[in-house]
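As provided, data-v5.cif (mmCIF, C-alpha atoms and all ligand atoms) reads as follows.
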```cif
data_run
#
loop_
_atom_site.label_atom_id
_atom_site.label_comp_id
_atom_site.auth_asym_id
_atom_site.auth_seq_id
_atom_site.Cartn_x
_atom_site.Cartn_y
_atom_site.Cartn_z
CA MET X 1 61.49 81.76 126.64
CA GLU X 2 60.17 85.17 125.64
CA ALA X 3 57.01 85.20 123.48
CA VAL X 4 57.56 86.08 119.84
CA GLU X 5 55.00 88.11 117.93
CA LEU X 6 54.86 88.33 114.13
CA ARG X 7 53.62 91.60 112.70
CA ALA X 8 53.81 93.76 109.61
CA LEU X 9 56.15 96.70 110.13
CA ALA X 10 56.17 100.16 108.57
CA PRO X 11 58.76 100.95 105.85
CA ARG X 12 60.55 103.30 108.30
CA ASP X 13 61.21 100.24 110.53
CA LEU X 14 63.57 98.89 107.86
CA GLU X 15 66.26 100.85 109.73
CA ARG X 16 65.78 98.37 112.59
CA ILE X 17 67.23 95.43 110.62
CA ARG X 18 70.50 96.38 112.37
CA GLU X 19 68.99 94.71 115.49
CA VAL X 20 69.24 91.34 113.75
CA ASP X 21 72.64 89.68 114.05
CA ARG X 22 72.69 87.61 110.90
CA SER X 23 76.24 86.28 111.53
CA GLU X 24 76.91 82.64 110.76
CA HIS X 25 79.79 80.27 110.14
CA VAL X 26 79.22 78.35 106.91
CA ARG X 27 80.93 74.99 106.37
CA LEU X 28 78.89 73.63 103.49
CA GLN X 29 77.31 75.33 100.51
CA TYR X 30 75.35 74.22 97.49
CA VAL X 31 76.01 74.82 93.83
CA CYS X 32 73.44 74.11 91.16
CA ARG X 33 74.71 72.24 88.08
CA ASP X 34 72.40 70.97 85.33
CA GLY X 35 69.36 71.39 87.57
CA ALA X 36 70.82 69.35 90.47
CA LEU X 37 72.29 70.49 93.79
CA ARG X 38 75.88 69.58 94.67
CA GLU X 39 77.47 70.10 98.06
CA GLU X 40 80.79 71.90 98.44
CA VAL X 41 82.87 72.19 101.60
CA VAL X 42 83.61 75.84 102.39
CA ASP X 43 84.78 77.84 105.37
CA TRP X 44 83.35 81.31 105.57
CA ASP X 45 82.40 83.64 108.34
CA VAL X 46 79.35 85.73 107.52
CA PRO X 47 79.64 88.85 109.71
CA ARG X 48 76.93 91.15 111.07
CA TRP X 49 75.88 93.83 108.61
CA PRO X 50 78.13 96.86 109.03
CA GLU X 51 76.31 100.19 109.30
CA HIS X 52 77.87 101.50 106.09
CA GLY X 53 79.72 99.61 103.45
CA PRO X 54 81.15 99.65 99.99
CA ASP X 55 78.45 97.38 98.62
CA ASP X 56 74.79 96.55 99.16
CA PHE X 57 75.51 94.41 102.21
CA SER X 58 75.41 97.08 104.84
CA VAL X 59 72.41 98.34 106.79
CA ARG X 60 72.43 101.55 104.71
CA GLY X 61 72.74 99.71 101.39
CA LEU X 62 69.93 97.27 102.23
CA VAL X 63 67.61 100.02 103.45
CA GLU X 64 68.19 101.86 100.16
CA ARG X 65 67.62 98.68 98.14
CA TRP X 66 64.47 97.50 99.96
CA THR X 67 62.67 100.82 100.64
CA PRO X 68 61.34 101.11 97.04
CA LEU X 69 60.00 97.53 97.23
CA LEU X 70 57.98 98.41 100.33
CA SER X 71 56.58 101.58 98.79
CA GLU X 72 55.50 99.52 95.75
CA GLY X 73 53.30 97.11 97.73
CA GLY X 74 55.87 94.92 99.46
CA THR X 75 55.53 93.83 103.10
CA LEU X 76 58.11 93.86 105.88
CA LEU X 77 57.20 91.23 108.48
CA GLY X 78 58.99 91.33 111.79
CA ALA X 79 59.39 88.68 114.50
CA ILE X 80 59.43 90.72 117.70
CA ALA X 81 60.53 89.59 121.16
CA GLY X 82 59.93 92.28 123.77
CA ASP X 83 61.02 95.42 121.96
CA THR X 84 63.58 93.79 119.73
CA ILE X 85 63.36 92.54 116.16
CA ILE X 86 64.84 89.03 116.20
CA GLY X 87 63.94 88.16 112.63
CA PHE X 88 62.29 89.54 109.54
CA ALA X 89 61.03 88.63 106.10
CA ILE X 90 60.27 90.80 103.09
CA LEU X 91 57.60 89.88 100.55
CA ARG X 92 57.37 91.38 97.07
CA PRO X 93 53.95 90.39 95.73
CA ASP X 94 54.57 90.91 92.03
CA LEU X 95 57.94 89.67 90.82
CA SER X 96 56.11 88.68 87.61
CA PRO X 97 52.44 87.83 86.88
CA GLY X 98 51.32 85.22 89.44
CA VAL X 99 54.78 85.09 91.07
CA ALA X 100 55.67 86.60 94.46
CA GLU X 101 59.21 86.85 95.79
CA LEU X 102 60.54 86.16 99.25
CA VAL X 103 63.11 88.93 99.04
CA ALA X 104 64.75 88.43 102.44
CA LEU X 105 64.52 86.13 105.45
CA TYR X 106 66.91 86.65 108.37
CA ILE X 107 66.83 85.38 111.93
CA ASP X 108 69.09 86.66 114.70
CA GLN X 109 71.79 84.11 115.48
CA GLY X 110 70.58 83.86 119.09
CA ALA X 111 67.00 83.08 118.03
CA ARG X 112 67.57 80.30 115.50
CA ARG X 113 66.07 76.79 115.70
CA ARG X 114 62.91 78.06 117.42
CA GLY X 115 60.62 77.81 114.38
CA ILE X 116 60.71 81.58 113.74
CA ALA X 117 61.89 81.27 110.12
CA GLY X 118 59.11 78.71 109.50
CA ALA X 119 56.46 80.97 111.05
CA LEU X 120 57.63 83.98 109.00
CA THR X 121 57.64 81.88 105.80
CA ASP X 122 54.13 80.56 106.52
CA GLU X 123 52.90 84.13 106.91
CA VAL X 124 54.67 85.24 103.71
CA GLU X 125 53.02 82.35 101.85
CA ARG X 126 49.60 83.26 103.26
CA LEU X 127 49.96 86.90 102.21
CA ALA X 128 51.28 85.93 98.77
CA ARG X 129 48.28 83.63 98.22
CA LEU X 130 45.91 86.42 99.28
CA ASP X 131 47.55 88.56 96.60
CA GLY X 132 46.75 85.84 94.04
CA ALA X 133 50.30 84.48 93.63
CA GLU X 134 50.59 80.90 92.41
CA LEU X 135 54.33 80.64 92.93
CA LEU X 136 56.74 81.95 95.59
CA TYR X 137 60.27 82.58 94.30
CA VAL X 138 63.44 82.98 96.31
CA SER X 139 67.03 83.65 95.29
CA ALA X 140 68.54 81.74 98.22
CA THR X 141 71.97 82.24 99.79
CA PRO X 142 73.79 79.02 98.85
CA SER X 143 74.63 78.05 102.46
CA GLU X 144 73.53 74.63 103.70
CA SER X 145 71.31 76.21 106.35
CA ALA X 146 69.43 78.48 103.90
CA VAL X 147 68.97 75.97 101.06
CA GLY X 148 68.26 73.12 103.53
CA PHE X 149 65.58 75.27 105.16
CA TYR X 150 63.87 76.05 101.85
CA LEU X 151 63.99 72.40 100.75
CA SER X 152 62.39 71.40 104.04
CA ARG X 153 59.58 73.90 103.36
CA GLY X 154 58.74 72.43 99.96
CA PHE X 155 60.78 74.74 97.72
CA ARG X 156 62.55 73.17 94.75
CA ILE X 157 65.07 74.34 92.15
CA ALA X 158 63.28 76.96 90.03
CA ARG X 159 61.94 75.56 86.79
CA ARG X 160 62.03 79.05 85.28
CA VAL X 161 64.96 81.05 86.59
CA HIS X 162 64.40 84.79 87.00
CA ALA X 163 67.27 86.08 84.87
CA GLU X 164 67.62 89.45 86.66
CA LEU X 165 67.75 87.97 90.18
CA ALA X 166 70.14 85.23 89.08
CA ALA X 167 72.45 87.82 87.50
CA GLN X 168 72.37 89.98 90.68
CA GLU X 169 73.54 87.07 92.88
CA PRO X 170 75.16 84.48 90.58
CA GLU X 171 76.11 82.19 93.50
CA ASP X 172 72.54 82.04 94.85
CA ILE X 173 70.34 79.01 94.35
CA GLN X 174 67.18 80.01 92.48
CA MET X 175 64.24 78.24 94.12
CA GLU X 176 60.44 78.29 93.96
CA LYS X 177 57.40 76.83 95.67
CA THR X 178 53.98 76.28 94.15
CA LEU X 179 51.40 78.10 96.27
CA SER X 180 48.22 77.21 94.53
CA ASN X 181 46.63 75.73 91.54
CA HIS X 182 43.81 77.94 90.40
CA PHE X 183 41.79 75.28 88.60
CA TRP X 184 41.60 72.91 91.59
CA ASP X 185 41.67 75.63 94.27
CA LYS X 186 38.46 77.10 92.85
CA ARG X 187 36.77 73.70 93.03
CA ALA X 188 37.81 72.69 96.56
CA ASP X 189 34.57 73.79 98.27
CA ARG X 190 32.29 71.73 96.09
CA TYR X 191 34.57 68.87 95.06
CA ASP X 192 33.00 66.28 97.41
CA ALA X 193 29.59 66.67 95.85
CA LYS X 194 30.91 64.88 92.76
CA LEU X 195 32.09 61.86 94.72
CA HIS X 196 29.40 59.15 94.56
CA LYS X 197 30.05 56.73 97.37
CA GLY X 198 27.97 53.96 95.77
CA PRO X 199 28.77 50.26 95.29
CA ASN X 200 31.59 51.00 92.83
CA TYR X 201 33.25 53.26 95.37
CA ALA X 202 32.99 50.52 98.02
CA ALA X 203 34.54 48.05 95.55
CA ARG X 204 37.40 50.50 94.90
CA LEU X 205 38.14 50.69 98.64
CA GLU X 206 37.96 46.89 98.93
CA ARG X 207 40.50 46.47 96.12
CA ALA X 208 42.91 48.83 97.87
CA ALA X 209 42.30 47.27 101.30
CA ALA X 210 43.18 43.85 99.84
CA VAL X 211 46.66 45.22 98.99
CA PHE X 212 47.22 47.19 102.23
CA ARG X 213 48.55 45.66 105.45
CA LYS X 214 47.66 47.13 108.84
CA THR X 215 51.31 48.14 109.36
CA ASP X 216 51.63 49.97 106.01
CA SER X 217 52.50 53.59 105.31
CA ILE X 218 50.46 54.82 102.37
CA LEU X 219 50.88 57.84 100.10
CA ASP X 220 47.76 59.09 98.30
CA VAL X 221 48.80 61.36 95.41
CA GLY X 222 46.29 63.99 94.25
CA CYS X 223 44.11 63.45 97.33
CA ALA X 224 41.88 66.52 96.70
CA THR X 225 39.55 66.95 99.72
CA GLY X 226 40.82 63.68 101.22
CA GLU X 227 37.53 61.78 101.20
CA ILE X 228 39.09 58.68 99.63
CA THR X 229 42.26 59.03 101.72
CA LEU X 230 40.20 59.13 104.93
CA ASP X 231 38.17 56.08 103.86
CA LEU X 232 41.42 54.19 103.19
CA ALA X 233 42.99 55.22 106.54
CA PRO X 234 41.45 52.44 108.72
CA HIS X 235 43.17 49.82 106.54
CA ALA X 236 46.73 51.07 107.20
CA GLU X 237 49.04 52.27 109.95
CA GLU X 238 49.23 55.80 108.51
CA ILE X 239 48.34 57.61 105.32
CA LEU X 240 49.64 60.86 103.86
CA GLY X 241 47.49 62.63 101.27
CA ILE X 242 49.26 65.15 99.04
CA ASP X 243 47.82 67.61 96.58
CA HIS X 244 49.23 70.69 94.88
CA SER X 245 46.08 72.68 95.58
CA SER X 246 46.38 74.42 98.94
CA ASN X 247 42.59 74.85 99.19
CA MET X 248 42.05 71.12 98.68
CA VAL X 249 44.57 70.39 101.45
CA THR X 250 42.87 72.88 103.81
CA VAL X 251 39.51 71.15 103.27
CA ALA X 252 41.12 67.69 103.67
CA ASN X 253 42.70 68.63 107.00
CA ALA X 254 39.34 70.00 108.24
CA ARG X 255 37.61 66.74 107.14
CA ALA X 256 40.21 64.66 109.05
CA ARG X 257 39.43 66.64 112.21
CA GLU X 258 35.63 66.42 111.67
CA ARG X 259 35.81 62.68 111.06
CA ASN X 260 38.32 62.25 113.89
CA VAL X 261 40.74 60.22 111.78
CA GLY X 262 44.03 60.31 113.65
CA ASN X 263 46.30 58.37 111.28
CA ALA X 264 45.78 60.54 108.18
CA ARG X 265 47.50 63.81 107.39
CA PHE X 266 47.53 66.08 104.40
CA GLU X 267 50.22 68.29 102.90
CA GLN X 268 50.37 70.64 99.97
CA MET X 269 53.03 68.91 97.89
CA GLU X 270 53.78 67.49 94.51
CA PRO X 271 55.28 63.99 94.28
CA ASP X 272 58.77 65.42 93.55
CA ASP X 273 58.76 67.30 96.87
CA PRO X 274 62.10 66.72 98.68
CA ARG X 275 60.26 66.31 102.01
CA LEU X 276 59.08 62.88 100.80
CA ALA X 277 61.75 60.31 101.65
CA GLU X 278 62.72 57.54 99.24
CA GLY X 279 61.53 54.08 100.31
CA ALA X 280 59.13 55.59 102.88
CA PHE X 281 55.89 54.06 101.62
CA ASN X 282 54.50 50.53 101.22
CA VAL X 283 51.74 51.57 98.81
CA VAL X 284 51.17 54.63 96.61
CA THR X 285 47.63 55.30 95.40
CA ALA X 286 46.90 57.72 92.53
CA TYR X 287 43.21 58.04 91.73
CA SER X 288 42.28 60.23 88.73
CA VAL X 289 45.57 62.09 88.71
CA ILE X 290 48.10 60.44 86.36
CA HIS X 291 46.47 62.07 83.30
CA LEU X 292 46.95 65.49 84.97
CA LEU X 293 50.72 65.24 85.45
CA ASP X 294 53.17 67.41 83.50
CA ASP X 295 55.67 64.59 83.06
CA VAL X 296 54.08 61.15 83.55
CA PRO X 297 57.24 58.98 83.10
CA ALA X 298 59.31 61.14 85.50
CA THR X 299 56.57 61.11 88.15
CA LEU X 300 56.12 57.33 87.86
CA ALA X 301 59.88 56.89 88.37
CA ARG X 302 59.69 59.15 91.42
CA LEU X 303 56.72 57.17 92.83
CA ARG X 304 58.76 54.00 92.44
CA ASP X 305 61.63 55.61 94.40
CA LEU X 306 59.21 56.53 97.18
CA LEU X 307 58.15 52.88 97.57
CA VAL X 308 59.88 50.13 99.51
CA PRO X 309 61.17 47.27 97.32
CA GLY X 310 58.13 45.13 96.49
CA GLY X 311 55.78 48.04 97.37
CA HIS X 312 52.60 48.56 95.36
CA LEU X 313 51.24 51.25 93.06
CA ILE X 314 47.47 51.48 92.61
CA THR X 315 46.24 53.81 89.86
CA GLU X 316 42.88 54.65 88.34
CA THR X 317 43.22 56.79 85.22
CA PRO X 318 40.90 57.95 82.47
CA CYS X 319 42.89 56.89 79.38
CA LEU X 320 41.54 59.47 76.95
CA GLY X 321 43.68 58.18 74.09
CA ASP X 322 41.38 55.13 73.87
CA TRP X 323 38.12 57.09 74.10
CA ASN X 324 36.12 57.68 70.93
CA PHE X 325 36.48 60.88 68.91
CA PHE X 326 33.30 62.44 70.36
CA TRP X 327 34.45 62.17 74.01
CA ARG X 328 37.97 63.35 73.23
CA ALA X 329 36.59 66.38 71.35
CA LEU X 330 34.33 67.15 74.30
CA VAL X 331 37.27 67.07 76.75
CA ARG X 332 39.34 69.31 74.44
CA LEU X 333 36.46 71.78 74.25
CA ALA X 334 36.15 71.75 78.06
CA MET X 335 39.90 72.43 78.32
CA LEU X 336 39.61 75.32 75.87
CA VAL X 337 36.87 77.04 77.88
CA GLY X 338 38.60 76.35 81.22
CA ALA X 339 36.01 73.79 82.40
CA ALA X 340 38.66 71.03 82.49
CA PRO X 341 42.34 71.20 83.47
CA PRO X 342 45.04 70.36 80.91
CA VAL X 343 45.07 66.57 80.51
CA VAL X 344 47.42 64.08 78.87
CA CYS X 345 45.74 61.86 76.26
CA LEU X 346 47.11 58.46 77.32
CA ARG X 347 46.33 55.07 75.79
CA VAL X 348 46.12 52.08 78.15
CA ALA X 349 49.02 50.28 76.41
CA GLU X 350 51.12 53.44 76.64
CA LEU X 351 50.39 53.87 80.37
CA GLU X 352 51.20 50.22 81.05
CA SER X 353 54.57 50.50 79.32
CA MET X 354 55.35 53.80 81.13
CA ILE X 355 54.64 52.04 84.45
CA GLU X 356 56.85 49.10 83.44
CA ASN X 357 59.64 51.40 82.21
CA ALA X 358 59.56 53.18 85.58
CA GLY X 359 60.57 49.86 87.22
CA PHE X 360 57.23 48.25 88.07
CA GLU X 361 55.69 44.89 87.23
CA VAL X 362 52.05 45.30 86.19
CA LEU X 363 49.99 42.75 88.17
CA GLU X 364 46.51 43.75 87.00
CA SER X 365 45.19 46.15 84.37
CA LYS X 366 41.45 46.44 83.76
CA VAL X 367 38.37 48.64 83.87
CA HIS X 368 36.32 47.57 86.90
CA ASN X 369 33.48 49.98 86.37
CA PRO X 370 32.80 50.89 82.71
CA LYS X 371 30.67 53.90 83.72
CA SER X 372 33.64 55.51 85.51
CA LYS X 373 35.89 55.23 82.42
CA GLN X 374 38.80 54.74 84.86
CA HIS X 375 41.44 52.22 83.87
CA CYS X 376 42.71 50.51 87.05
CA ILE X 377 46.29 49.26 87.30
CA LEU X 378 47.91 47.43 90.19
CA ALA X 379 51.71 47.25 89.90
CA ARG X 380 54.61 46.16 92.11
CA ASN X 381 58.01 47.80 92.55
CA ARG X 382 60.37 45.25 90.95
C1 LIG S 401 40.48 64.67 89.58
S1 LIG S 401 41.11 65.12 91.17
C2 LIG S 401 41.15 63.52 91.93
C3 LIG S 401 41.01 63.58 93.41
C4 LIG S 401 40.86 62.25 94.13
N1 LIG S 401 42.06 61.44 94.04
C5 LIG S 401 39.67 61.51 93.56
O1 LIG S 401 39.85 60.49 92.90
O2 LIG S 401 38.54 61.98 93.80
C6 LIG S 401 42.79 65.43 90.86
C7 LIG S 401 43.53 66.03 92.04
O3 LIG S 401 44.92 65.90 91.77
C8 LIG S 401 45.59 67.10 92.13
N2 LIG S 401 46.81 67.18 91.32
C9 LIG S 401 46.93 67.29 89.98
N3 LIG S 401 48.22 67.31 89.61
C10 LIG S 401 48.94 67.19 90.75
C11 LIG S 401 50.33 67.17 91.06
N4 LIG S 401 51.25 67.26 90.10
N5 LIG S 401 50.72 67.05 92.34
C12 LIG S 401 49.80 66.99 93.33
N6 LIG S 401 48.46 67.02 93.13
C13 LIG S 401 48.04 67.11 91.86
C14 LIG S 401 44.57 68.19 91.83
O4 LIG S 401 44.84 69.36 92.57
C15 LIG S 401 43.27 67.51 92.23
O5 LIG S 401 42.93 67.77 93.56
#
```
Is it possible to give me this structure as structure tokens?
Amino acid sequence: MEAVELRALAPRDLERIREVDRSEHVRLQYVCRDGALREEVVDWDVPRWPEHGPDDFSVRGLVERWTPLLSEGGTLLGAIAGDTIIGFAILRPDLSPGVAELVALYIDQGARRRGIAGALTDEVERLARLDGAELLYVSATPSESAVGFYLSRGFRIARRVHAELAAQEPEDIQMEKTLSNHFWDKRADRYDAKLHKGPNYAARLERAAAVFRKTDSILDVGCATGEITLDLAPHAEEILGIDHSSNMVTVANARARERNVGNARFEQMEPDDPRLAEGAFNVVTAYSVIHLLDDVPATLARLRDLLVPGGHLITETPCLGDWNFFWRALVRLAMLVGAAPPVVCLRVAELESMIENAGFEVLESKVHNPKSKQHCILARNR
């Protein structure tokens, strides 16, 4: 197979998109209703782009549409085999503040299923992050192949639809992917220094190990630099650490290599990521993360879905709602000056009932180490 090189192309190379045969037969498409995707059987032939055409979907029309984007800071990335362009992606770095757009992604029909779309998307994400984007937005063709690809890369239905793009292509599925989380990304390099691996830390690992079986698959939510995840790894068959901060995940993967831990891996994901399969895990751990979630009840319900029946949830959470006025005021002040991330002020009783309402039975609920201020809950998927 011929080697494929990815490289940024000059705006004048836009003309060469005619080399890419984007034709496809589509049998299934998605429609988005009330925030959920529904499949629809269809039967369309998507032809090659004609040279000229009555609408935007000709080589001429697309060159005219995309040239201004490239002169305003956009990037055209080509996948080149020999002298031919077999795929390309276009990145617009500034759709709105902090949001980049994947404007186009096309692979020649003879070069599909070789990982080229994935490699182009990885590069687009890297460039968007370098430009400071926190979110990558795409108005995706509704075909099964396009939407399925984006779902497999961690995109989800856009929480905030870009009205102009949605109006331009009303059939498209509006999708987005979180690229980074500034608060935690900025702390990734020095996060470990705060982790005191003293007797209380050892006791925390022992409590988890008592729940794990050697054959278990574990999910560690909000794994940060993966130190805890890697210490838990020897007690299970495999462990996946997820975190929405890409920098944390980069450090965690480097730590796994340094420490030579073969059964742990790390991915930049949130718990609602469609790449996580329902019923795939025996235990979910969530240390110091529940109070940081946007929607605690919805995430707890999702964590339950990710567990096998009878699987366990282990959480340690600072329940700020039960702290005294002084400590709560201090945390609010820290949030105001950006020294703490936005946190949810949960009471222990409230957290327990959220966990129960999500379909768990609470087996234990106590503070093991008063100095840590972490309330520890062990629960079982009913
Ligand atoms: C306080 S740190 C805890 C890290 C580690 N579990 C520990 O106990 O040391 C919280 C971590 O959760 C991550 N996080 C917060 N909200 C998240 C979410 N919705 N999805 C994934 N990770 C999240 C943050 O990026 C951060 O790395």
Review point. With only C-alpha atoms as the atoms that count, which of X:Arg22, X:Arg113, X:Arg382, X:Arg92 lies nearest to Leu135 in chain X?
Key: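 Checking each candidate against Leu135 in chain X, we get X:Arg92 as the closest.
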Study note, to complete from the structure: Residue with the minimum atom-to-atom distance to Glu101 in chain X, picked from X:Ser152, X:Thr67, X:Thr178, X:Val59 with only C-alpha atoms counted, is X:Thr178
Check your understanding: Nearest to Ser217 in chain X: which of X:Val308, X:Leu320, X:Ile173, X:Ala252 is it, counting only C-alpha atoms?
Key ->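 Smallest separation from Ser217 in chain X among the options: X:Val308.
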Check your understanding: In terms of the shortest atom-to-atom distance over only C-alpha atoms, which of X:Cys345, X:Leu62, X:Met269, X:Ala254 is closest to Leu240 in chain X?
Key ->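 Selected residue with least distance to Leu240 in chain X: X:Met269.
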Which residues are near ligand LIG 401 (chain S) - at most 6 Å, using all atoms listed in the file? Format: as a PDB file with C-alpha atoms, in the coordinates of the input.
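In the end it all went to part-v2.pdb:
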```
ATOM      1  CA  TRP X 184      41.600  72.910  91.590  1.00  0.00           C
ATOM      2  CA  GLY X 222      46.290  63.990  94.250  1.00  0.00           C
ATOM      3  CA  CYS X 223      44.110  63.450  97.330  1.00  0.00           C
ATOM      4  CA  ALA X 224      41.880  66.520  96.700  1.00  0.00           C
ATOM      5  CA  ASP X 243      47.820  67.610  96.580  1.00  0.00           C
ATOM      6  CA  HIS X 244      49.230  70.690  94.880  1.00  0.00           C
ATOM      7  CA  SER X 245      46.080  72.680  95.580  1.00  0.00           C
ATOM      8  CA  MET X 269      53.030  68.910  97.890  1.00  0.00           C
ATOM      9  CA  GLU X 270      53.780  67.490  94.510  1.00  0.00           C
ATOM     10  CA  PRO X 271      55.280  63.990  94.280  1.00  0.00           C
ATOM     11  CA  TYR X 287      43.210  58.040  91.730  1.00  0.00           C
ATOM     12  CA  SER X 288      42.280  60.230  88.730  1.00  0.00           C
ATOM     13  CA  VAL X 289      45.570  62.090  88.710  1.00  0.00           C
ATOM     14  CA  LEU X 292      46.950  65.490  84.970  1.00  0.00           C
ATOM     15  CA  LEU X 293      50.720  65.240  85.450  1.00  0.00           C
TER      16      LEU X 293
END
```
Point to revise | For Glu316 in chain X, the nearest of the candidates X:Glu123, X:Asp220, X:Asp231, X:Glu238, counting only C-alpha atoms | key: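 Ranking X:Glu123, X:Asp220, X:Asp231, X:Glu238 by distance to Glu316 in chain X, first place goes to X:Asp220.
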Point to revise | Which of X:Asp273, X:Glu352, X:Asp108, X:Glu267 sits closest to Val20 in chain X [using only C-alpha atoms] | key: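 So, comparing all the options, the nearest one is X:Asp108.
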**Study point:** Expected residue set, 9 Å radius at (36.4, 46.4, 88.3), all atoms listed in the file, as a PyMOL selection string
**Key:** chain X and resi 200+203-204+207+366-370+375-376
**Study point:** Surrounding residues of Pro93 in chain X excluding itself and chain neighbours under 3 positions, 9 Å, only C-alpha atoms, as number ranges by chain
**Key:** X: 73-75, 96, 98-102, 127-128, 131-133, 136
